[in-house]
Each structure stands twice: as structure tokens, then as C-alpha cells.
2 protein chains.
Amino acid sequence: VPGADGSGFGIENLPYGVVRRDGGAPRPAIRIGAHALELAPLVDAGLLDLPGLPSDAFAQPTLNRFLELGSDAWSTTRRRLTELLDAGNRELQDATDLVERSLVALAAVEPVLPLAIGDYVDFYASIEHASNIGRMFRPDREPLLPNWRHLPVAYHGRAGTVVVSGTPIQRPCGQRPADGPSEPPSFGPERRLDFELELGFVTGCGPPLGTPIAACAASDYIFGFVLINDWSAREIQRFEYQPLGPFLGKSFATSIAPWIVPLEALAPFRVTGVEQHPPPLDYLRVEDRWALDVELEIALLPSGADAPATVSGTNARGLYWNAAQQLAHATVNGATVRAGDLFASGTISGPQPGSYGSLIELSWNGREPLQLPGGVQRSFLEDGDTVVLRGRSGAYDRGGVSLGEVRGTIVPARCGSRAA
Amino acid sequence: VPGADGSGFGIENLPYGVVRRDGGAPRPAIRIGAHALELAPLVDAGLLDLPGLPSDAFAQPTLNRFLELGSDAWSTTRRRLTELLDAGNRELQDATDLVERSLVALAAVEPVLPLAIGDYVDFYASIEHASNIGRMFRPDREPLLPNWRHLPVAYHGRAGTVVVSGTPIQRPCGQRPADGPSEPPSFGPERRLDFELELGFVTGCGPPLGTPIAACAASDYIFGFVLINDWSAREIQRFEYQPLGPFLGKSFATSIAPWIVPLEALAPFRVTGVEQHPPPLDYLRVEDRWALDVELEIALLPSGADAPATVSGTNARGLYWNAAQQLAHATVNGATVRAGDLFASGTISGPQPGSYGSLIELSWNGREPLQLPGGVQRSFLEDGDTVVLRGRSGAYDRGGVSLGEVRGTIVPARCGSRAA
């Protein structure tokens, strides 16, 4: 496919998504360069006649059916797609009618949410992020709580409000803490709206209820990775979160990138992670290289500005708890995972201020507003602001893969409006 | 239907579930007396030819398709089923073949999970329960945290591990806090396994993302109520829950009763709830009677015992935050609800020790073990113990309705076993 080489979406990547063309039914596709290749027509034409891949695998509105098939089918399909897209292979190239039906410019499709997400779990896996939050809100105590180094802390988010990149993000309304301890909360638009830079993974079907997934078996269950912006309403969260954790401060929206990069595409970028002290319990030990060398960046386009400013950059390899540990932990109590479950890392922050993954850290709880071009300042997000998170592994001219981007623009609150 | 009158499952109730017969496909049914009446055959026979009820509404493995239709379709269907089951109506009675195909003794069917649950939210709506937990774990402070009287505190649970009554509950393994503050946690079977008596509601589709549901509109979205046992691992929960709330301490299993009682069946039992101080914010105010007069009881059959003992009894009408307030709160930030979403009350406790809804309260954190017949004691659940939660509104001989029961037996932990 012309232009694919060196774009980060070359033959080394082939991420999966779901696209809609001309208002038709949404259908699974892979991205190659600036094109989407729909997969159902390839199956219909007999080019994806593979063991373990049923003929309806891609005649679906989501990737879930394909995810249910498991890692052998994922591998077989990827190998075959790589073969079909090889410059030297004529099977697809010569089928010009089929190419016309299946290969379409990204500009001509609408990417939709690629998954029916069963459960959405959000971790707190960056030691730098957890420490920053601890320093900000508990300045007189140890930044990390006693459990933090023993287990990957996590909570369940709202699966039903995960949206695809590009969906406008309406500023939420809710109860905001008063200044004084005996004052009642006020109701209104969130004034401390924030983003969180995260990397998530999507699973196939796990073992039956009651059987955990071993950390060393995680690659059988992890299909791929996706960029996530876990939008956060800091006032709402602060008032509500004791003792049961975040609820409305997070549940109004979570954005994910349209393209899920297969774990196999990230194989060259799997590296040794940070050392863990104390050594984790047996069920959290993993020999494989599970840290991912993914360069991450946050761009902010303030309302009315001409150009986005890069406000932070970090690398996912610094995460303290890796994906295999997250999956082993989430299932150690016997909980099942389903095809399409989403597990997010939590905010990924690096050690320096310019590498933090949220505005609350970048502006240190509003005390040090971000200075943007043109004299613009930001402590938290304003209406009309656009946030773009991007990720990449390796250099694109040497086979690097892009995680694409996840983008969202803040639209004003509508606090009075209700369905009656 | 013979035997239905006075059983709590008479014509006043008609709860919905999903049953499987002879290993066939699970199909929606209503319960009448000790029978299930499958609904798809009634549609096929033309007896449920109703405006707004598509012909495939019950040719489904779950109730979700029916829930998507909304409250008008729910009402119309209920009215028609009431008509068909009236003793004076011959349409169904005279169709003996159809009755034979559709009406089946409960003993001959297996009830399955009736819903594909989108998101599962668990509230903390009983002031007695929240106060008890506060007194136990923060004895030197106000039992209620500052937010408690301003909003119905809640968190998201794991939708994928909600199971139907009767499913064995495997004791979870996990990290348990050490006795000393500087000791590391230990890994092993949970030693403080508990139940929680809850009442939940199931919704249809809400308005689009960004539009909250007004408290006064809740009855358009609430389909019905179901008994819930929110199994809890107190050691795991205690170590993990700061700062993001419960995760593995809850996510191993949540049991629900097989039959969902329509809101319309509970109409005669809607009563005025407790007074709230301070008065709630506007979006949480509701004029309707939203407290439910549902008598609840907890029976415990200890491993090896001959007969269950009733260990607690209370009434759902004492809940501080009602279902309409819960739904208004959960969506006030613009979050959507989907057909099949489940919202649970949180543990329902009354004011006296004999009315508490969890073992941690009944045994006061293990300090005052429950004394059961035969000299048996329980501070927390042991392997082989069976817990049965029951609910009823009104007297059965005067048109009362039963919420049935939710039952589960504890089976031993398997801490070493993992899918590799």
C-alpha cells in the first residue's frame, strides 16, 4: 500500500479497528498507512480461509467475535495478513475488484468504538504518578500508601462510557467540595477538568470463573494495546471518593484510540522493566520482558489557539507494574475476563515535571499553571481545549510502529438539562 | 395456574427471568407460582402481538432486547400477560398445545443469568450500614464521612462476575494485611469471607451521553428489582482499598436472584422513605414514594448442619438513598445507562444487631461471633456454608409479591491453581 512504509502503520503494525463507510454497518478493519482494509470482504473472497477463523469472524459490528477466538487465531490471521500485504504477493494486489471493495482511505471512513467492552479496569501503575498525588494531597506523610508496592492498585471504571477518539467531551456537572470543612458542597460544572495519559490492553476470553491467569500466561490472553485518555473531574472525584473510590469523577467519559496494536506488533519493543522493591509475591513474578518501549506525548490545543503545544512526553517502559502483573492480579481472586475487557495502566508519569501524565501534576494542583505559547496559561482544561495523546515504538523509518492518537475536545457543561 | 395464588408468585407479581430446558437455548420467561411460562412461544402463537413488541423480543438468550424497548413496552406486555393469565380468560387456557410447550415446572428448568449486564454499580445507601462500618474502623471519629449525607456514595463493581443464584462461590485468594504495620501482607485464602444483603434495580436504555436522568423520571428507566448477595472478602478489601476503593475484595462473585420483579408489581409497596438531613440538592429531590416496603431475611445453613438459621431480618424501606436518587446521581455527570445495567443498594442494615445485613456487622468484626443452633458459631463464612437471602412485599394471601431468593454455597479456595 503506497505510503505505508515509514508511516508507523506499515506492515510491521497492522492494528485492528472498526470503521463505518458511507453510513453502512460498522465492520472490522486493519489500518495500513493512511488506509483501512476491511476484513470481511477478504474472508468472503476466500483469502482468509484459515484454521480457527470462522467465516463470520469479521462480519460483526465489533472485534469481540475475533477476540473470542484466542491467541492462535490472532497469530494465524496476522501472519496471513502480513503475507497478503507483502509487496511480492499478488493474491490481493491482482484482485483489483476486491481491493476496491476492501481498501479505503481513512478520510472516507468513520472509526467507531472497536469493542463491546465487558469490564473496564483502571490501574494506578506508575510510581511517579502515585507519588505525585500522594505528595500533593498527603504532604506530611509517605507519598505511597502501604499497599502500593505490594500490589497493582486498581478500580473498576464505567465500561459504558468508553468512547472512541474524536468524541466531544462534555464538561461534567456534579458536587464540588466547599472551601471550609463544615460548608456544604456546591453543584455545578467541574472546574478542575483533567486528562490522564494511559496505555491499556484488551483481552480475549479468560479461563472459567475461579481459575486465575498466571502472569507467565498473560500473552495468551492479551490481544493488544491501545492509547487511553481517562478524563478526570478532580473536584467531583475529591468530594466523592472516600471510602469507595472514584465514581462520577471518572465515569462521564473515557476516550480510546481507534486502532488496537497487536501484542505481536510490539514484540520488538518489549524490554526489561524497572526493578521492584520489595520483590513481588510469587503470583506477580514474571520472567518475560513485559515493559513496553512506547514513547508517549501529550499535545494541548487551547481553545482559540492556532497550533497545539506539546506539554509532556514520557515513556511507558517506566511503569512499575506491567500488563502481565496487572492481568495476574485482576484474576488472582478467580475473577473471569471476557473478550473485549479493557485494562488501563493508570496515568503514566515520568520522573520530571515535563514528563507528567496529567494536568493536576503538570500544574501541581493548579499552583504552577502551564505556560503555553501566546501567553496562554492552563491549570485545568477549559471549554474548547483539545487534548491529543500519541504513542510510538521505535523509529518509523526503521520499522517502528505507531499507537496512533486519541483526541478529544471539551464542550461546555449543560448542568440544567435532564431527561424527564 | 394452580398453586400460584397465595404463593407470592401470583398474577400480581409475574417476575421475568431466563430459563434453560433440557439443555436447549436459554429463553426469557415469567414465573407464575411454581412454573415458568416461556414467552417466545406466546409471541409465535400470536398471543403477544402488541404495539412496540417486536417478534424477536423473547427469542433471545437474555432479557436485554426486551429491556431496550422501554417502559411503554414493559407496561403493555405486563398488562397483556396479566390478561392472559386471568382465570376468566380462555385464550391461553384453551390452547392446550401452547400451554404444554410454554408452561413448565420450575423443577424442570435451570434458571440462568437473565441479563447481559453492561455496568454494575454498587451503592452504600444504608445509613445504618455505613455508620456501623465507620464505628468499627474509625472508632474515634464521626461514623459517617463528610460526603455521605450529600450524595449516594457508590463504586463500579465487576459486571462479568455477576452470577445467578445457586452458583457455587469459591473462596477467593489474595493479599491479606499483616498484623503489624511494617509487616508485608501474606498470600492465601480469604479468612473473613462475608455476604452482603442488597436489593438492586435493572434499567432500560437511558438518554444519550451527556444527558442525565431526572430523579422524577426514574420510573421510565427502572425495569425492576432483584435480590443481590454482594459477596465480600474483608481481608483482601481492607488491604487493597486505599485510595481507589474495593476491587478484588468484591470482584470474585456477586450473586443475583433469578427473577426480576417489575417495578409495576411493586407499586402497591412504594412508601415514603426516611427523612433526609440536610435536604438533598435539587437533582436528588424526588416527590414520588420511592422507598420499597420489602421485608428481607438472611438464612445461614452452616456446613454440616441440618437446618438453616435465620440470622437477620430487616426492611428495604429504611434505606436512606432511594433508587430514583441513585439513578439521578449515577447519571448527573452525563454518564449513560444501557439496557441491562445493574444498580445495587449496598448492604441493607436495620438499626438493631439482629437486622444487620452482613456478617462483619452481625459479629461486630469477629468480636461477637454469631451463636447458631447446635453450638455452632460464625464470625465469617466457612467452606460448605450456604447463605440464602429472601425478600417479600406484603402478605401472600392478600396479593403480596415475593422477590424469591438468592442462594450460594462456599466452596474451598484453590490458591495454587492457575491457567498457564
# chains A, B, ... in the order shown; residues from 1 in each chain; ligands from 1
>>> closest_atom_pairs(of="chain A", to="chain B", cutoff="7 Å", atoms="only C-alpha atoms", output="CSV")
residue,atom,partner,partner_atom,distance
A:Gly118,CA,B:Gly160,CA,6.7
A:Asp119,CA,B:Ala159,CA,6.4
A:Asn147,CA,B:Glu240,CA,6.3
A:Val153,CA,B:Glu240,CA,6.7
A:Ala154,CA,B:Leu244,CA,6.5
A:Tyr155,CA,B:Phe247,CA,5.4
A:His156,CA,B:His156,CA,5.4
A:Gly157,CA,B:His156,CA,6.1
A:Arg158,CA,B:Asp119,CA,6.5
A:Ala159,CA,B:Asp119,CA,6.4
A:Gly160,CA,B:Asp119,CA,6.6
A:Thr161,CA,B:Ala335,CA,6.3
A:Gln170,CA,B:Gly210,CA,6.4
A:Pro172,CA,B:Asn333,CA,4.6
A:Cys173,CA,B:Asn333,CA,5.0
A:Gly174,CA,B:Asn333,CA,6.0
A:Pro207,CA,B:Ala419,CA,6.7
A:Gly210,CA,B:Gln170,CA,6.4
A:Thr211,CA,B:Arg418,CA,5.6
A:Pro212,CA,B:Arg418,CA,4.9
A:Ile213,CA,B:Ala419,CA,4.9
A:Ala214,CA,B:Ala420,CA,5.4
A:Cys216,CA,B:Ala420,CA,6.7
A:Ala217,CA,B:Ala420,CA,4.8
A:Phe239,CA,B:Asn147,CA,6.4
A:Glu240,CA,B:Asn147,CA,6.3
A:Pro243,CA,B:Gly245,CA,6.3
A:Leu244,CA,B:Gly245,CA,4.1
A:Gly245,CA,B:Gly245,CA,4.0
A:Pro246,CA,B:Leu244,CA,6.3
A:Phe247,CA,B:Tyr155,CA,5.5
A:Leu248,CA,B:Asn333,CA,6.3
A:Ser251,CA,B:Ala335,CA,6.1
A:Phe252,CA,B:Ala335,CA,4.6
A:Ala330,CA,B:Leu248,CA,6.9
A:Val332,CA,B:Cys173,CA,6.5
A:Asn333,CA,B:Pro172,CA,4.6
A:Gly334,CA,B:Phe252,CA,5.6
A:Ala335,CA,B:Phe252,CA,4.6
A:Thr336,CA,B:Thr161,CA,6.6
A:Ser417,CA,B:Thr211,CA,6.7
A:Arg418,CA,B:Pro212,CA,4.9
A:Ala419,CA,B:Ile213,CA,4.9
A:Ala420,CA,B:Ala217,CA,4.9
>>> select_by_dssp(residues="segment 339-401 of chain A", states="helix (DSSP H, G or I)", output="list of chain:residue names")
A:Pro353, A:Gly354, A:Ser355, A:Leu359, A:Ile360, A:Glu361, A:Leu362, A:Pro373, A:Gly374, A:Gly375, A:Tyr396, A:Asp397, A:Arg398
>>> write_last_selection(atoms="C-alpha atoms", output="short mmCIF file (atom, residue, chain, number, x, y, z; two decimals), in the first residue's frame")
data_model
loop_
_atom_site.label_atom_id
_atom_site.label_comp_id
_atom_site.auth_asym_id
_atom_site.auth_seq_id
_atom_site.Cartn_x
_atom_site.Cartn_y
_atom_site.Cartn_z
CA PRO A 353 7.73 17.79 35.59
CA GLY A 354 7.84 17.82 31.76
CA SER A 355 7.01 14.12 31.74
CA LEU A 359 -2.64 18.46 34.28
CA ILE A 360 -3.03 18.17 38.04
CA GLU A 361 0.61 17.07 38.12
CA LEU A 362 1.83 19.39 35.37
CA PRO A 373 2.60 29.90 23.56
CA GLY A 374 0.93 33.28 23.15
CA GLY A 375 0.78 33.94 26.89
CA TYR A 396 9.20 4.77 11.69
CA ASP A 397 11.94 4.63 9.03
CA ARG A 398 13.26 1.50 10.69
#
>>> residues_around(residues="Ser303 of chain A", least_positions_apart="4", cutoff="12 Å", atoms="only C-alpha atoms", output="ChimeraX atom specification")
/A:307-309,372,376-378,381-387,409-412
>>> write_last_selection(atoms="C-alpha atoms", output="PDB file, in the first residue's frame")
ATOM      1  CA  ALA A 307      -1.326  25.414  16.959  1.00  0.00           C
ATOM      2  CA  PRO A 308      -1.084  22.671  19.564  1.00  0.00           C
ATOM      3  CA  ALA A 309       1.692  22.751  22.128  1.00  0.00           C
ATOM      4  CA  LEU A 372       1.675  27.914  26.705  1.00  0.00           C
ATOM      5  CA  VAL A 376      -1.916  31.288  27.365  1.00  0.00           C
ATOM      6  CA  GLN A 377      -1.989  29.567  30.761  1.00  0.00           C
ATOM      7  CA  ARG A 378      -3.692  26.390  31.844  1.00  0.00           C
ATOM      8  CA  LEU A 381      -8.912  22.261  30.873  1.00  0.00           C
ATOM      9  CA  GLU A 382     -11.160  24.996  29.501  1.00  0.00           C
ATOM     10  CA  ASP A 383     -14.099  24.643  27.137  1.00  0.00           C
ATOM     11  CA  GLY A 384     -12.867  24.342  23.575  1.00  0.00           C
ATOM     12  CA  ASP A 385      -9.495  22.875  24.535  1.00  0.00           C
ATOM     13  CA  THR A 386      -8.398  19.826  22.540  1.00  0.00           C
ATOM     14  CA  VAL A 387      -6.133  17.169  24.027  1.00  0.00           C
ATOM     15  CA  THR A 409     -12.309  18.443  22.648  1.00  0.00           C
ATOM     16  CA  ILE A 410     -14.038  19.837  25.722  1.00  0.00           C
ATOM     17  CA  VAL A 411     -17.562  21.130  25.170  1.00  0.00           C
ATOM     18  CA  PRO A 412     -19.454  23.213  27.744  1.00  0.00           C
TER      19      PRO A 412
END
>>> residues_around(residues="Asn365 of chain A", least_positions_apart="6", cutoff="10 Å", atoms="only C-alpha atoms", output="count of residues only")
8
>>> residues_around(residues="Gly318 of chain B", least_positions_apart="2", cutoff="7 Å", atoms="only C-alpha atoms", output="list of chain:residue names")
B:Gly273, B:Val274, B:Asn315, B:Ala316, B:Tyr320
>>> write_last_selection(atoms="N, CA and C atoms", output="JSON list (two decimals), in the first residue's frame")
[["chain", "number", "residue", "atom", "x", "y", "z"],
["B", 273, "GLY", "N", -40.07, 7.36, 52.16],
["B", 273, "GLY", "CA", -38.81, 6.95, 52.78],
["B", 273, "GLY", "C", -38.46, 7.76, 54.01],
["B", 274, "VAL", "N", -37.27, 7.56, 54.49],
["B", 274, "VAL", "CA", -36.81, 8.28, 55.69],
["B", 274, "VAL", "C", -36.57, 9.74, 55.34],
["B", 315, "ASN", "N", -35.87, -4.41, 56.64],
["B", 315, "ASN", "CA", -36.79, -3.97, 55.59],
["B", 315, "ASN", "C", -36.10, -2.91, 54.74],
["B", 316, "ALA", "N", -36.23, -3.04, 53.42],
["B", 316, "ALA", "CA", -35.57, -2.12, 52.50],
["B", 316, "ALA", "C", -36.10, -0.69, 52.62],
["B", 320, "TYR", "N", -31.56, 4.98, 53.20],
["B", 320, "TYR", "CA", -31.50, 6.45, 53.21],
["B", 320, "TYR", "C", -31.63, 7.01, 51.79]]
>>> closest_residue(among="B:Arg407, B:Leu319, B:Ala339, B:Ala73", to="Glu275 of chain B", atoms="only C-alpha atoms")
B:Leu319
>>> closest_atom_pairs(of="segment 68-89 of chain A", to="segment 28-52 of chain A", cutoff="8 Å", atoms="only C-alpha atoms", output="tab-separated table")
residue	atom	partner	partner_atom	distance
A:Leu69	CA	A:Gly52	CA	7.2
A:Asp72	CA	A:Gly52	CA	7.8
A:Ala73	CA	A:Gly52	CA	5.6
A:Thr76	CA	A:Leu50	CA	7.3
A:Thr77	CA	A:Leu50	CA	7.3
A:Arg80	CA	A:Leu48	CA	7.2
>>> write_last_selection(atoms="N, CA, C and O atoms", output="PDB file, in the first residue's frame")
ATOM      1  N   LEU A  69     -11.759 -15.761  19.739  1.00  0.00           N
ATOM      2  CA  LEU A  69     -11.121 -16.930  19.121  1.00  0.00           C
ATOM      3  C   LEU A  69      -9.799 -17.303  19.786  1.00  0.00           C
ATOM      4  O   LEU A  69      -9.351 -18.449  19.675  1.00  0.00           O
ATOM      5  N   ASP A  72      -4.127 -18.202  19.198  1.00  0.00           N
ATOM      6  CA  ASP A  72      -3.702 -18.921  17.992  1.00  0.00           C
ATOM      7  C   ASP A  72      -4.352 -18.313  16.750  1.00  0.00           C
ATOM      8  O   ASP A  72      -3.675 -18.086  15.733  1.00  0.00           O
ATOM      9  N   ALA A  73      -5.627 -18.044  16.838  1.00  0.00           N
ATOM     10  CA  ALA A  73      -6.318 -17.437  15.692  1.00  0.00           C
ATOM     11  C   ALA A  73      -5.794 -16.031  15.418  1.00  0.00           C
ATOM     12  O   ALA A  73      -5.675 -15.624  14.249  1.00  0.00           O
ATOM     13  N   THR A  76      -2.417 -16.572  13.585  1.00  0.00           N
ATOM     14  CA  THR A  76      -2.611 -17.104  12.232  1.00  0.00           C
ATOM     15  C   THR A  76      -3.127 -16.002  11.301  1.00  0.00           C
ATOM     16  O   THR A  76      -2.664 -15.861  10.165  1.00  0.00           O
ATOM     17  N   THR A  77      -4.070 -15.237  11.799  1.00  0.00           N
ATOM     18  CA  THR A  77      -4.651 -14.158  10.986  1.00  0.00           C
ATOM     19  C   THR A  77      -3.609 -13.083  10.680  1.00  0.00           C
ATOM     20  O   THR A  77      -3.501 -12.609   9.544  1.00  0.00           O
ATOM     21  N   ARG A  80      -1.147 -14.291   8.059  1.00  0.00           N
ATOM     22  CA  ARG A  80      -1.740 -14.317   6.724  1.00  0.00           C
ATOM     23  C   ARG A  80      -1.915 -12.901   6.153  1.00  0.00           C
ATOM     24  O   ARG A  80      -1.652 -12.656   4.969  1.00  0.00           O
TER      25      ARG A  80
END
>>> select_by_dssp(residues="segment 135-318 of chain B", states="strand (DSSP E)", output="NGL selection string")
:B and (154-157 or 162-164 or 169-170 or 173-176 or 186-189 or 193-194 or 197-203 or 222-229 or 232-233 or 254-256 or 261-262 or 270-271 or 291-292 or 295-301 or 309-315)
>>> write_last_selection(atoms="C-alpha atoms", output="CSV table (one decimal), in the first residue's frame")
chain,number,residue,atom,x,y,z
B,154,ALA,CA,-21.0,4.3,45.1
B,155,TYR,CA,-18.4,2.5,43.0
B,156,HIS,CA,-18.4,0.3,40.0
B,157,GLY,CA,-18.2,-3.5,40.6
B,162,VAL,CA,-22.3,-11.4,38.4
B,163,VAL,CA,-23.7,-14.9,38.7
B,164,VAL,CA,-27.1,-16.4,39.1
B,169,ILE,CA,-18.9,-19.4,45.4
B,170,GLN,CA,-15.2,-20.2,45.5
B,173,CYS,CA,-7.2,-16.0,47.3
B,174,GLY,CA,-5.4,-12.8,47.7
B,175,GLN,CA,-3.2,-10.4,49.7
B,176,ARG,CA,-4.1,-10.2,53.4
B,186,SER,CA,0.5,-12.7,53.3
B,187,PHE,CA,-1.0,-14.5,50.3
B,188,GLY,CA,-3.6,-17.1,50.8
B,189,PRO,CA,-7.3,-17.9,51.1
B,193,LEU,CA,-15.4,-14.1,53.8
B,194,ASP,CA,-18.7,-12.3,54.1
B,197,LEU,CA,-27.8,-8.4,51.7
B,198,GLU,CA,-28.7,-6.0,48.9
B,199,LEU,CA,-31.6,-5.0,46.6
B,200,GLY,CA,-30.8,-3.9,43.1
B,201,PHE,CA,-32.5,-2.5,40.1
B,202,VAL,CA,-32.1,-3.1,36.4
B,203,THR,CA,-32.5,-0.4,33.8
B,222,ILE,CA,-36.1,1.3,36.0
B,223,PHE,CA,-37.5,-2.0,34.9
B,224,GLY,CA,-37.5,-3.9,38.1
B,225,PHE,CA,-35.8,-5.1,41.3
B,226,VAL,CA,-33.7,-8.1,42.2
B,227,LEU,CA,-32.2,-9.6,45.3
B,228,ILE,CA,-28.4,-9.4,45.4
B,229,ASN,CA,-25.7,-11.0,47.6
B,232,SER,CA,-17.1,-9.7,50.2
B,233,ALA,CA,-13.6,-10.7,51.1
B,254,THR,CA,-21.8,-11.3,43.0
B,255,SER,CA,-25.0,-13.4,43.1
B,256,ILE,CA,-28.4,-12.3,41.9
B,261,VAL,CA,-39.7,-8.2,39.9
B,262,PRO,CA,-41.1,-5.4,37.7
B,270,ARG,CA,-43.9,2.0,47.4
B,271,VAL,CA,-43.9,4.1,50.6
B,291,ALA,CA,-38.9,3.6,49.4
B,292,LEU,CA,-39.9,0.0,48.9
B,295,GLU,CA,-39.2,-7.5,54.1
B,296,LEU,CA,-35.7,-9.1,53.9
B,297,GLU,CA,-34.3,-12.0,55.7
B,298,ILE,CA,-30.9,-13.8,55.8
B,299,ALA,CA,-30.7,-17.5,56.4
B,300,LEU,CA,-27.4,-19.3,57.1
B,301,LEU,CA,-27.0,-23.1,56.7
B,309,ALA,CA,-31.0,-20.5,60.9
B,310,THR,CA,-32.4,-17.1,60.3
B,311,VAL,CA,-29.6,-14.7,61.3
B,312,SER,CA,-31.1,-11.4,60.4
B,313,GLY,CA,-34.2,-9.6,59.2
B,314,THR,CA,-34.8,-6.0,58.1
B,315,ASN,CA,-36.8,-4.0,55.6
>>> residues_around(residues="Glu110 of chain B", least_positions_apart="5", cutoff="9 Å", atoms="only C-alpha atoms", output="JSON, numbers by chain")
{"B": [18, 19, 20, 21, 22, 23, 26]}
